[in-house]
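S.K.: One structure coming up, written as structure tokens, with questions to follow.
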There are 2 protein chains.
Amino acid sequence: MGETKRVGVGLIGFGVVGEGVARLVRDNAATLTARIGVPIEVVRVAVRDLSRPRGVELDPALFTDDPFRVVDDPKVDIVVEVMGGEHPALELLLAALNKGKPVVTANKALLAIHGEQLYAAAEKNGARLRYEAAIGGVIPIVRTLTGAFAANRIDTVYGIVNGTCNYILTRMAEEGVGYDDALAEAQRLGYAEADPSVDVEGIDAAHKMAILAALAFDTPIDFSDVSVEGIGRISPVDIDMAAAFGYGIKLLGVARRHDDAAVEVRVHPAMVPLDMPIASVNGALNAIEVEGAEMGTNMLVGPGAGQGPTASAVLGDVADLARGLVDGAAVSPRPMNVPVASRVKLPPLPASKAEGRFYLRFTTSDRPGIMAALTKPLGDHGVSIASMIQTEHESDGEETAAVVMLTHRAGGEALAAALAEIDGVGILRSPTVVIRLVGDA
Amino acid sequence: MGETKRVGVGLIGFGVVGEGVARLVRDNAATLTARIGVPIEVVRVAVRDLSRPRGVELDPALFTDDPFRVVDDPKVDIVVEVMGGEHPALELLLAALNKGKPVVTANKALLAIHGEQLYAAAEKNGARLRYEAAIGGVIPIVRTLTGAFAANRIDTVYGIVNGTCNYILTRMAEEGVGYDDALAEAQRLGYAEADPSVDVEGIDAAHKMAILAALAFDTPIDFSDVSVEGIGRISPVDIDMAAAFGYGIKLLGVARRHDDAAVEVRVHPAMVPLDMPIASVNGALNAIEVEGAEMGTNMLVGPGAGQGPTASAVLGDVADLARGLVDGAAVSPRPMNVPVASRVKLPPLPASKAEGRFYLRFTTSDRPGIMAALTKPLGDHGVSIASMIQTEHESDGEETAAVVMLTHRAGGEALAAALAEIDGVGILRSPTVVIRLVGDA
């Protein structure tokens, strides 16, 4: 393609990210042209509703409400999918890849659930599939795992990969407000959607961790094997107690390979020692830590979402692919670090079975013998207590006590059995709050 | 090269990093082979002294004391230069690039001083030149600037890019020890060399910032235009005073583009607000922040040096190049983001002229009129004082006073003129300590 005069981008979806891509292509045209060698041009845009007004001026003739026309258009050299959702995004990307067209996507749900099908289609057709924008905005985690860290065997990837939850937890910690108020504020400021469930229930973070685990560990991941727990249970008292013990509470995604025996992918609130760098990643920021035996621990931090960062990530991938088209020197067609067929599926280790240290908060009636009723079942199941605080008694008709414990390292199943036994005694006034500690988690 | 059966690496230099590369090639062979498609093999090693015992077992027949034999060996597909120094590293890399052989180097002094020559040779010959390991160990800053961030116009890159200085300053802050003791400890632990001058005088950091500025701003940088100041002047009292004002002291590298009018590259101790994430990057860690209008601020953190991280970075580049050789799908031959000949040299803005806020520590004789003698020249030159502390009087034969000020935003030249005037009065007992504040610096 020595005569390439421009690289045509076809946008599928023209919401916040799609408009951002179009705007960046226009505003950074000089930079992009200098770096790629030829101009990037948006040559086709698929939208759901042709009549809706748009935030970026583009020739109306470019718009279509049939996204397959973007895929089929010969002027479209690179297909950019920013519509979101599983269908018809899956069918559109398969159609593009089957034509050998390079694809850039920001669609984490799609990759988490249908990634294997897409990766295989990309490889079979020698078509490039890039997805830096799907995880952490412009945080360069995908190309780092396939590039700078490629010579390392990675055993652990963890981090804060949902800015909505991090914003809510940060506000709760800084202002002492409850979950509902913090969520309402996040919605008002545009950090949370009207229906926040995909974010606050941890599903969005789980999508990202599933993609990262597959990439980092060279193994397919079934999304249904990912353990997910959201932040709705966290109350200000937990945040205060955590602080008293020297911890902050973050929604963490954790992916860990146990040699070649098992792989563990989980998303849940976690207590993070305040002196760990990730504990000071606040607000809507994301942070991803990667540990390898040789390379040590590296952390990448940045705005995990938003129009500018996500559009920048999409266009970083577009720039890589465009240079390939211009120079004839493309990046590897592999979407993963290794050929997809060469990978071995590792058995999943459910979070419920994973060892760790735990924060436990019991709310009980306040009467003699309570402490024994709580501690004996724990002891019987081999769960040993490292420290304990009994907090102020609340009067709620009747006296109640909050008892907070940090355990030593314990098995997840042993803990669950002890908690079920405690629950059976009938002294609990509300469900026990269990939060994993990290550091050695 | 569809019949590539292995990729041969020729090592020039076999010190800590070279041995680390050989060890990683051996220990991570399965991972590397899976990810590249064929095995990586060290096929030639140039050393200075053939008789010295080595930390990694390799066939003695591979060793030579003539590094040009590594470049010339047809079995060497990729030349890895980890010998350091300007000569003969420059001649060796030029020879390799002129043959069209891909080169990986960790040599920051070489790139900072002779980069233009090497970049031009790489481009002219279509030979790949990769240098991730030259800056911040395995922190993926080079490929991030050319990849994920490529669609952004970058205006500021700054960070902690010398682990030796960061270790020393961290120990001074945490333990209250003086510079000499902290340096001695760093030397004992291997964080500082026997002759630490390249590190503690800021030269190593300046090398890295020169490379980063050229890459981030698409402009050639003369190393002689980089302003450099080391950490030798920093005393525990400065660290204490900084903390009292809510700042930590870090050796920062700062590279800033002022539109297309000027470029500023400087390395100096800087006062960093304690709530900025980079303030908690301690010990031998490195951190690099990149700011772009669209993408926001991203930070990459990791161990900036050491055998494992540096060897990992070298092999990350080797893996990229090797995949290119195997797939016939190489990364762009450009060593920079844009063709070198297309760049415009921006005039340098010396640190002495750069505006900012400043910390000033005066040591004066303790007698009436001192405060006026200090503050009047500052006022006359338009340097306005934001806050001031007069600390304990030390008796050193005669009474002395330490007066510490934070200025409002001021021009570097105005400040220098005021300080020269103050110096002329003859009341100072020792040279005034000047440290830039960052945040809005």
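Ligands are numbered from 1 in the order shown, chains are lettered A, B, ... in the order of the structure tokens, and residues start at 1 in each chain.
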Could you pull the residues within 10 Å of Ile389 (chain B), counting only C-alpha atoms, minus those fewer than 4 positions along the same chain, as an NGL selection string?
M.R.: :B and (241 or 244-245 or 361 or 402-406)
S.K.: Write out the residues from the selection above, keeping N, CA, C and O atoms, as an mmCIF file, in the first residue's frame.
M.R.:
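Saved the output as part_30.cif:
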```
data_model
loop_
_atom_site.group_PDB
_atom_site.id
_atom_site.type_symbol
_atom_site.label_atom_id
_atom_site.label_comp_id
_atom_site.auth_asym_id
_atom_site.auth_seq_id
_atom_site.Cartn_x
_atom_site.Cartn_y
_atom_site.Cartn_z
ATOM 1 N N MET B 241 11.735 21.157 56.519
ATOM 2 C CA MET B 241 10.991 22.365 56.161
ATOM 3 C C MET B 241 9.956 22.051 55.094
ATOM 4 O O MET B 241 8.811 22.510 55.152
ATOM 5 N N ALA B 244 7.080 20.495 56.604
ATOM 6 C CA ALA B 244 6.274 21.459 57.363
ATOM 7 C C ALA B 244 5.339 22.239 56.430
ATOM 8 O O ALA B 244 4.242 22.625 56.815
ATOM 9 N N PHE B 245 5.788 22.454 55.205
ATOM 10 C CA PHE B 245 4.949 23.156 54.226
ATOM 11 C C PHE B 245 4.030 22.201 53.454
ATOM 12 O O PHE B 245 3.314 22.622 52.551
ATOM 13 N N ARG B 361 16.098 28.901 51.187
ATOM 14 C CA ARG B 361 16.580 28.828 52.561
ATOM 15 C C ARG B 361 17.842 29.672 52.687
ATOM 16 O O ARG B 361 18.867 29.388 52.067
ATOM 17 N N ALA B 402 18.222 30.626 60.324
ATOM 18 C CA ALA B 402 17.775 30.064 59.053
ATOM 19 C C ALA B 402 16.413 30.661 58.738
ATOM 20 O O ALA B 402 15.500 30.587 59.563
ATOM 21 N N VAL B 403 16.325 31.290 57.586
ATOM 22 C CA VAL B 403 15.052 31.860 57.155
ATOM 23 C C VAL B 403 14.611 31.119 55.897
ATOM 24 O O VAL B 403 15.363 31.029 54.925
ATOM 25 N N VAL B 404 13.416 30.551 55.966
ATOM 26 C CA VAL B 404 12.905 29.749 54.859
ATOM 27 C C VAL B 404 11.669 30.434 54.303
ATOM 28 O O VAL B 404 10.795 30.849 55.061
ATOM 29 N N MET B 405 11.618 30.558 52.970
ATOM 30 C CA MET B 405 10.467 31.199 52.326
ATOM 31 C C MET B 405 9.961 30.344 51.183
ATOM 32 O O MET B 405 10.739 29.675 50.499
ATOM 33 N N LEU B 406 8.660 30.367 50.982
ATOM 34 C CA LEU B 406 8.082 29.905 49.721
ATOM 35 C C LEU B 406 7.626 31.138 48.965
ATOM 36 O O LEU B 406 6.932 31.992 49.527
#
```
S.K.: As a compact mmCIF listing (two decimals) with N, CA, C and O atoms, in the first residue's frame, please: the residues near region 338-348 of chain A (cut-off 12 Å, only C-alpha atoms, same-chain neighbours under 4 positions excluded).
M.R.:
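Produced file result-v7.txt, reproduced below:
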```txt
# COMPACT_ATOMS: atom_id res chain seq x y z
N GLY A 115 -14.78 -13.07 23.62
CA GLY A 115 -13.41 -12.84 23.17
C GLY A 115 -12.82 -14.01 22.39
O GLY A 115 -12.21 -13.82 21.34
N GLU A 116 -13.04 -15.22 22.89
CA GLU A 116 -12.40 -16.38 22.25
C GLU A 116 -12.80 -16.49 20.78
O GLU A 116 -11.96 -16.76 19.91
N GLN A 117 -14.09 -16.25 20.53
CA GLN A 117 -14.57 -16.33 19.16
C GLN A 117 -13.92 -15.24 18.29
O GLN A 117 -13.51 -15.50 17.16
N LEU A 118 -13.79 -14.05 18.87
CA LEU A 118 -13.21 -12.93 18.12
C LEU A 118 -11.71 -13.13 17.91
O LEU A 118 -11.19 -12.89 16.82
N TYR A 119 -11.02 -13.56 18.95
CA TYR A 119 -9.57 -13.77 18.82
C TYR A 119 -9.29 -14.82 17.74
O TYR A 119 -8.38 -14.68 16.92
N ALA A 120 -10.09 -15.90 17.76
CA ALA A 120 -9.89 -16.97 16.78
C ALA A 120 -10.16 -16.46 15.37
O ALA A 120 -9.42 -16.78 14.43
N ALA A 121 -11.21 -15.65 15.23
CA ALA A 121 -11.53 -15.11 13.90
C ALA A 121 -10.42 -14.19 13.41
O ALA A 121 -10.05 -14.20 12.23
N ALA A 122 -9.88 -13.38 14.32
CA ALA A 122 -8.80 -12.48 13.94
C ALA A 122 -7.59 -13.28 13.46
O ALA A 122 -7.02 -13.00 12.40
N GLU A 123 -7.24 -14.28 14.23
CA GLU A 123 -6.05 -15.07 13.87
C GLU A 123 -6.24 -15.82 12.57
O GLU A 123 -5.36 -15.84 11.71
N LYS A 124 -7.41 -16.42 12.43
CA LYS A 124 -7.68 -17.23 11.24
C LYS A 124 -7.57 -16.37 9.97
O LYS A 124 -7.06 -16.81 8.94
N GLY A 126 -5.92 -13.46 9.74
CA GLY A 126 -4.77 -12.55 9.73
C GLY A 126 -5.21 -11.10 9.87
O GLY A 126 -4.54 -10.19 9.37
N LEU A 145 1.35 -5.60 28.25
CA LEU A 145 1.38 -7.05 28.48
C LEU A 145 1.88 -7.80 27.25
O LEU A 145 2.51 -8.84 27.36
N THR A 146 1.60 -7.26 26.06
CA THR A 146 2.08 -7.94 24.85
C THR A 146 3.44 -7.40 24.41
O THR A 146 4.04 -7.93 23.50
N ALA A 150 6.40 -8.82 27.81
CA ALA A 150 6.16 -10.09 27.12
C ALA A 150 7.20 -11.15 27.46
O ALA A 150 6.94 -12.34 27.34
N ALA A 210 -11.38 -10.27 33.32
CA ALA A 210 -11.41 -11.49 32.51
C ALA A 210 -10.53 -11.32 31.27
O ALA A 210 -9.76 -12.22 30.90
N ALA A 213 -6.80 -11.25 32.46
CA ALA A 213 -6.29 -12.55 32.90
C ALA A 213 -5.97 -13.43 31.69
O ALA A 213 -4.93 -14.09 31.63
N ALA A 214 -6.86 -13.44 30.72
CA ALA A 214 -6.63 -14.25 29.52
C ALA A 214 -5.35 -13.81 28.81
O ALA A 214 -4.52 -14.63 28.40
N LEU A 215 -5.17 -12.50 28.73
CA LEU A 215 -4.00 -11.96 28.03
C LEU A 215 -2.72 -12.20 28.83
O LEU A 215 -1.70 -12.64 28.29
N ALA A 216 -2.75 -11.94 30.12
CA ALA A 216 -1.54 -12.03 30.93
C ALA A 216 -1.09 -13.47 31.14
O ALA A 216 0.11 -13.74 31.22
N PHE A 217 -2.04 -14.39 31.26
CA PHE A 217 -1.70 -15.76 31.63
C PHE A 217 -1.73 -16.72 30.44
O PHE A 217 -1.55 -17.93 30.63
N ASP A 218 -1.97 -16.21 29.24
CA ASP A 218 -2.00 -17.07 28.05
C ASP A 218 -2.99 -18.22 28.22
O ASP A 218 -2.67 -19.38 27.91
N THR A 219 -4.17 -17.92 28.71
CA THR A 219 -5.16 -18.98 28.93
C THR A 219 -6.56 -18.43 28.68
O THR A 219 -6.81 -17.26 28.96
N PRO A 220 -7.45 -19.24 28.10
CA PRO A 220 -8.82 -18.74 27.95
C PRO A 220 -9.50 -18.65 29.31
O PRO A 220 -9.24 -19.46 30.20
N ILE A 221 -10.36 -17.66 29.46
CA ILE A 221 -11.09 -17.45 30.71
C ILE A 221 -12.59 -17.46 30.39
O ILE A 221 -13.03 -16.72 29.51
N ASP A 222 -13.33 -18.30 31.07
CA ASP A 222 -14.80 -18.24 30.96
C ASP A 222 -15.28 -17.13 31.87
O ASP A 222 -15.00 -17.16 33.07
N PHE A 223 -16.05 -16.22 31.32
CA PHE A 223 -16.51 -15.11 32.16
C PHE A 223 -17.34 -15.62 33.35
O PHE A 223 -17.31 -15.03 34.42
N SER A 224 -18.02 -16.74 33.15
CA SER A 224 -18.86 -17.26 34.24
C SER A 224 -18.01 -17.78 35.41
O SER A 224 -18.52 -18.01 36.50
N ASP A 225 -16.71 -17.94 35.20
CA ASP A 225 -15.83 -18.37 36.29
C ASP A 225 -15.32 -17.21 37.14
O ASP A 225 -14.61 -17.43 38.13
N VAL A 226 -15.62 -16.00 36.73
CA VAL A 226 -15.12 -14.85 37.47
C VAL A 226 -16.05 -14.58 38.67
O VAL A 226 -17.26 -14.49 38.51
N SER A 227 -15.47 -14.50 39.85
CA SER A 227 -16.26 -14.19 41.06
C SER A 227 -16.46 -12.69 41.15
O SER A 227 -15.49 -11.94 41.03
N ALA A 255 -6.41 -10.97 39.52
CA ALA A 255 -6.24 -12.15 38.67
C ALA A 255 -4.92 -12.78 39.04
O ALA A 255 -3.89 -12.10 39.08
N ARG A 256 -4.97 -14.05 39.36
CA ARG A 256 -3.74 -14.71 39.81
C ARG A 256 -3.66 -16.09 39.21
O ARG A 256 -4.64 -16.82 39.15
N ARG A 257 -2.45 -16.40 38.75
CA ARG A 257 -2.20 -17.76 38.27
C ARG A 257 -1.47 -18.52 39.35
O ARG A 257 -0.48 -18.04 39.90
N HIS A 258 -1.97 -19.70 39.67
CA HIS A 258 -1.27 -20.56 40.63
C HIS A 258 -0.49 -21.58 39.82
O HIS A 258 -0.99 -22.66 39.50
N ASP A 259 0.75 -21.21 39.47
CA ASP A 259 1.57 -22.03 38.57
C ASP A 259 0.71 -22.42 37.37
O ASP A 259 0.04 -21.57 36.83
N ASP A 260 0.73 -23.69 36.99
CA ASP A 260 -0.15 -24.06 35.89
C ASP A 260 -1.32 -24.88 36.41
O ASP A 260 -1.99 -25.60 35.66
N ALA A 261 -1.60 -24.75 37.72
CA ALA A 261 -2.62 -25.59 38.35
C ALA A 261 -4.00 -24.94 38.34
O ALA A 261 -5.01 -25.64 38.26
N ALA A 262 -4.05 -23.63 38.44
CA ALA A 262 -5.35 -22.97 38.54
C ALA A 262 -5.21 -21.50 38.25
O ALA A 262 -4.12 -20.93 38.32
N VAL A 263 -6.32 -20.87 37.92
CA VAL A 263 -6.34 -19.44 37.73
C VAL A 263 -7.55 -18.86 38.46
O VAL A 263 -8.62 -19.48 38.52
N GLU A 264 -7.32 -17.72 39.08
CA GLU A 264 -8.28 -17.13 40.00
C GLU A 264 -8.57 -15.73 39.46
O GLU A 264 -7.63 -14.96 39.26
N VAL A 265 -9.81 -15.42 39.19
CA VAL A 265 -10.18 -14.07 38.77
C VAL A 265 -11.36 -13.63 39.61
O VAL A 265 -12.40 -14.30 39.61
N ARG A 266 -11.18 -12.54 40.34
CA ARG A 266 -12.24 -12.11 41.24
C ARG A 266 -12.27 -10.59 41.35
O ARG A 266 -11.26 -9.93 41.18
N SER A 332 1.96 -7.49 14.85
CA SER A 332 1.58 -8.89 14.76
C SER A 332 0.07 -9.03 14.69
O SER A 332 -0.67 -8.34 15.38
N PRO A 333 -0.40 -9.94 13.84
CA PRO A 333 -1.84 -10.13 13.74
C PRO A 333 -2.43 -10.80 14.97
O PRO A 333 -3.64 -10.87 15.11
N ARG A 334 -1.60 -11.28 15.86
CA ARG A 334 -2.15 -11.99 17.02
C ARG A 334 -2.84 -11.04 17.99
O ARG A 334 -2.24 -10.07 18.44
N SER A 352 -14.38 -18.09 46.58
CA SER A 352 -14.82 -18.66 47.85
C SER A 352 -13.78 -19.62 48.41
O SER A 352 -13.72 -19.86 49.61
N LYS A 353 -12.96 -20.21 47.54
CA LYS A 353 -11.95 -21.15 48.01
C LYS A 353 -10.60 -20.50 48.26
O LYS A 353 -9.70 -21.11 48.84
N ALA A 354 -10.42 -19.27 47.79
CA ALA A 354 -9.10 -18.65 47.87
C ALA A 354 -8.77 -18.28 49.32
O ALA A 354 -9.59 -17.74 50.03
N ALA B 30 10.34 -21.20 27.81
CA ALA B 30 9.04 -21.70 27.37
C ALA B 30 8.09 -20.54 27.06
O ALA B 30 7.42 -20.53 26.02
N THR B 31 8.06 -19.56 27.95
CA THR B 31 7.20 -18.39 27.73
C THR B 31 7.60 -17.66 26.46
O THR B 31 6.75 -17.30 25.63
N LEU B 32 8.90 -17.43 26.31
CA LEU B 32 9.38 -16.69 25.14
C LEU B 32 9.06 -17.44 23.85
O LEU B 32 8.61 -16.84 22.86
N THR B 33 9.31 -18.73 23.83
CA THR B 33 9.06 -19.50 22.62
C THR B 33 7.57 -19.48 22.28
O THR B 33 7.19 -19.31 21.11
N ALA B 34 6.72 -19.63 23.29
CA ALA B 34 5.27 -19.61 23.05
C ALA B 34 4.84 -18.26 22.48
O ALA B 34 3.99 -18.19 21.59
N ARG B 35 5.45 -17.20 22.99
CA ARG B 35 4.98 -15.87 22.60
C ARG B 35 5.58 -15.39 21.28
O ARG B 35 4.99 -14.56 20.60
N ILE B 36 6.78 -15.88 20.96
CA ILE B 36 7.44 -15.44 19.74
C ILE B 36 7.17 -16.40 18.59
O ILE B 36 7.06 -16.00 17.43
N GLY B 37 7.04 -17.67 18.91
CA GLY B 37 6.80 -18.67 17.87
C GLY B 37 8.00 -19.56 17.64
O GLY B 37 7.87 -20.69 17.19
N VAL B 38 9.19 -19.04 17.92
CA VAL B 38 10.42 -19.84 17.81
C VAL B 38 11.29 -19.48 19.03
O VAL B 38 11.07 -18.46 19.67
N ALA B 319 11.64 -9.44 22.01
CA ALA B 319 10.46 -10.22 21.64
C ALA B 319 9.68 -9.55 20.52
O ALA B 319 9.27 -10.20 19.56
N ARG B 323 9.32 -11.32 16.90
CA ARG B 323 8.02 -11.59 16.28
C ARG B 323 7.98 -11.03 14.87
O ARG B 323 7.41 -11.63 13.96
```
S.K.: Compare A:Met172, A:Val43, A:Ala148, A:Ala287 by their minimum atom-to-atom distance to Leu321 (chain B), counting only C-alpha atoms, and give me the closest one.
M.R.: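 Closest candidate: A:Ala148.
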S.K.: List as number ranges by chain the protein and nucleic acid residues near Val254 (chain A), meaning an atom at most 10 Å away when only C-alpha atoms are counted, but skip any in the same chain fewer than 6 places from it.
M.R.: A: 156-160, 205-206, 209-210, 212-213, 226-227, 264-268, 270, 288-289, 351, 438, 441
S.K.: Pick out the chain B residues within 6 Å of chain A. Count only C-alpha atoms. Give them as number ranges by chain.
M.R.: B: 32, 34-35, 140, 147-151, 294-295, 298-302, 308-309, 312-313, 315-316, 329-332, 337-338
S.K.: Where in region 7-177 of chain B does DSSP assign strand (DSSP E or B), given as a tab-separated table (two decimals) with N, CA, C and O atoms, in the first residue's frame?
M.R.:
```
chain	number	residue	atom	x	y	z
B	7	VAL	N	15.65	-17.31	16.79
B	7	VAL	CA	16.15	-15.96	16.60
B	7	VAL	C	17.42	-15.84	17.43
B	7	VAL	O	17.43	-16.09	18.64
B	8	GLY	N	18.51	-15.49	16.74
B	8	GLY	CA	19.81	-15.40	17.41
B	8	GLY	C	20.06	-14.00	17.95
B	8	GLY	O	19.94	-13.02	17.24
B	9	VAL	N	20.39	-13.94	19.24
B	9	VAL	CA	20.69	-12.67	19.89
B	9	VAL	C	22.19	-12.58	20.13
B	9	VAL	O	22.80	-13.53	20.63
B	10	GLY	N	22.77	-11.46	19.74
B	10	GLY	CA	24.18	-11.20	20.05
B	10	GLY	C	24.28	-10.15	21.13
B	10	GLY	O	23.75	-9.05	20.96
B	11	LEU	N	24.93	-10.50	22.22
B	11	LEU	CA	25.05	-9.57	23.35
B	11	LEU	C	26.38	-8.84	23.28
B	11	LEU	O	27.43	-9.46	23.20
B	12	ILE	N	26.32	-7.52	23.33
B	12	ILE	CA	27.54	-6.72	23.47
B	12	ILE	C	27.54	-6.18	24.89
B	12	ILE	O	26.75	-5.30	25.23
B	40	ILE	N	14.30	-18.08	21.31
B	40	ILE	CA	15.35	-17.06	21.33
B	40	ILE	C	16.62	-17.76	21.81
B	40	ILE	O	16.57	-18.56	22.73
B	41	GLU	N	17.75	-17.44	21.20
B	41	GLU	CA	18.99	-18.06	21.64
B	41	GLU	C	20.10	-17.01	21.66
B	41	GLU	O	20.20	-16.21	20.72
B	42	VAL	N	20.88	-17.01	22.73
B	42	VAL	CA	22.06	-16.14	22.77
B	42	VAL	C	23.16	-16.85	21.98
B	42	VAL	O	23.58	-17.94	22.35
B	43	VAL	N	23.58	-16.25	20.85
B	43	VAL	CA	24.49	-16.96	19.95
B	43	VAL	C	25.89	-16.35	19.91
B	43	VAL	O	26.80	-16.93	19.29
B	44	ARG	N	26.07	-15.18	20.56
B	44	ARG	CA	27.38	-14.55	20.56
B	44	ARG	C	27.41	-13.54	21.69
B	44	ARG	O	26.39	-12.85	21.93
B	45	VAL	N	28.52	-13.43	22.38
B	45	VAL	CA	28.64	-12.51	23.52
B	45	VAL	C	29.99	-11.82	23.48
B	45	VAL	O	31.03	-12.49	23.46
B	46	ALA	N	30.00	-10.51	23.44
B	46	ALA	CA	31.27	-9.77	23.50
B	46	ALA	C	31.51	-9.29	24.93
B	46	ALA	O	30.63	-8.67	25.54
B	63	PHE	N	31.87	-16.65	23.36
B	63	PHE	CA	32.45	-15.39	23.82
B	63	PHE	C	33.53	-14.88	22.88
B	63	PHE	O	34.27	-15.66	22.28
B	64	THR	N	33.58	-13.57	22.77
B	64	THR	CA	34.64	-12.92	22.01
B	64	THR	C	34.99	-11.62	22.73
B	64	THR	O	34.16	-11.08	23.45
B	78	ILE	N	19.59	-10.20	16.04
B	78	ILE	CA	19.32	-8.98	16.80
B	78	ILE	C	20.53	-8.66	17.66
B	78	ILE	O	21.03	-9.52	18.39
B	79	VAL	N	21.02	-7.43	17.55
B	79	VAL	CA	22.17	-6.98	18.34
B	79	VAL	C	21.65	-6.31	19.61
B	79	VAL	O	20.84	-5.39	19.53
B	80	VAL	N	22.12	-6.79	20.76
B	80	VAL	CA	21.71	-6.22	22.04
B	80	VAL	C	22.93	-5.56	22.68
B	80	VAL	O	23.90	-6.24	23.02
B	81	GLU	N	22.89	-4.24	22.80
B	81	GLU	CA	24.03	-3.50	23.37
B	81	GLU	C	23.75	-3.14	24.81
B	81	GLU	O	22.88	-2.32	25.10
B	103	VAL	N	18.53	-3.48	16.39
B	103	VAL	CA	19.36	-3.22	17.57
B	103	VAL	C	18.45	-2.93	18.77
B	103	VAL	O	17.47	-2.20	18.65
B	104	VAL	N	18.82	-3.49	19.91
B	104	VAL	CA	18.19	-3.13	21.18
B	104	VAL	C	19.29	-2.59	22.09
B	104	VAL	O	20.35	-3.21	22.21
B	105	THR	N	19.05	-1.44	22.69
B	105	THR	CA	20.07	-0.88	23.57
B	105	THR	C	19.44	-0.38	24.87
B	105	THR	O	18.28	0.03	24.90
B	129	LEU	N	15.49	0.19	15.79
B	129	LEU	CA	16.30	0.59	16.94
B	129	LEU	C	15.35	0.72	18.12
B	129	LEU	O	14.47	1.58	18.11
B	130	ARG	N	15.51	-0.11	19.12
B	130	ARG	CA	14.57	-0.13	20.25
B	130	ARG	C	15.32	0.15	21.55
B	130	ARG	O	16.44	-0.35	21.72
B	154	ILE	N	1.52	15.72	23.31
B	154	ILE	CA	2.01	15.68	24.68
B	154	ILE	C	2.73	17.00	24.96
B	154	ILE	O	3.57	17.44	24.18
B	155	ASP	N	2.39	17.61	26.09
B	155	ASP	CA	3.02	18.88	26.44
B	155	ASP	C	3.96	18.77	27.62
B	155	ASP	O	4.85	19.60	27.77
B	156	THR	N	3.75	17.79	28.48
B	156	THR	CA	4.58	17.68	29.67
B	156	THR	C	4.88	16.22	29.98
B	156	THR	O	3.98	15.38	29.95
B	157	VAL	N	6.15	15.93	30.24
B	157	VAL	CA	6.56	14.63	30.76
B	157	VAL	C	7.45	14.93	31.96
B	157	VAL	O	8.39	15.71	31.85
B	158	TYR	N	7.13	14.37	33.09
B	158	TYR	CA	8.02	14.58	34.22
B	158	TYR	C	8.02	13.37	35.11
B	158	TYR	O	7.12	12.52	35.03
B	159	GLY	N	9.03	13.27	35.94
B	159	GLY	CA	9.03	12.12	36.83
B	159	GLY	C	10.32	11.91	37.56
B	159	GLY	O	11.26	12.72	37.49
B	160	ILE	N	10.31	10.83	38.29
B	160	ILE	CA	11.46	10.36	39.05
B	160	ILE	C	12.12	9.29	38.20
B	160	ILE	O	11.56	8.21	38.03
```
S.K.: Have a look at B:Tyr131, B:Gly55, B:Thr364, B:Met371 and name the one nearest to Leu111 (chain B); count only C-alpha atoms.
M.R.: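 Using only C-alpha atoms, the shortest distance to Leu111 (chain B) belongs to B:Tyr131.
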S.K.: Identify, on the basis of only C-alpha atoms, every residue whose closest approach to region 378-388 of chain A does not exceed 10 Å; exclude the query and any residue fewer than 3 positions from it along the same chain; express the result as a PyMOL selection string.
M.R.: chain A and resi 245+357-361+372-375+391+403-419+421-422
S.K.: Among region 149-369 of chain B, which residues does DSSP mark as helix (DSSP H, G or I) when it is run on the backbone? Keep the chain and numbering as in the structure and answer as an MDAnalysis selection string.
M.R.: chainID B and resid 163:175 179:188 197:200 203:217 223:225 236:244 277:280 307:327 340:342 351:353
S.K.: Report, in Å to a single decimal, how far apart CA of Gly253 (chain A) and CA of Asp238 (chain A) are.
M.R.: 19.3 Å
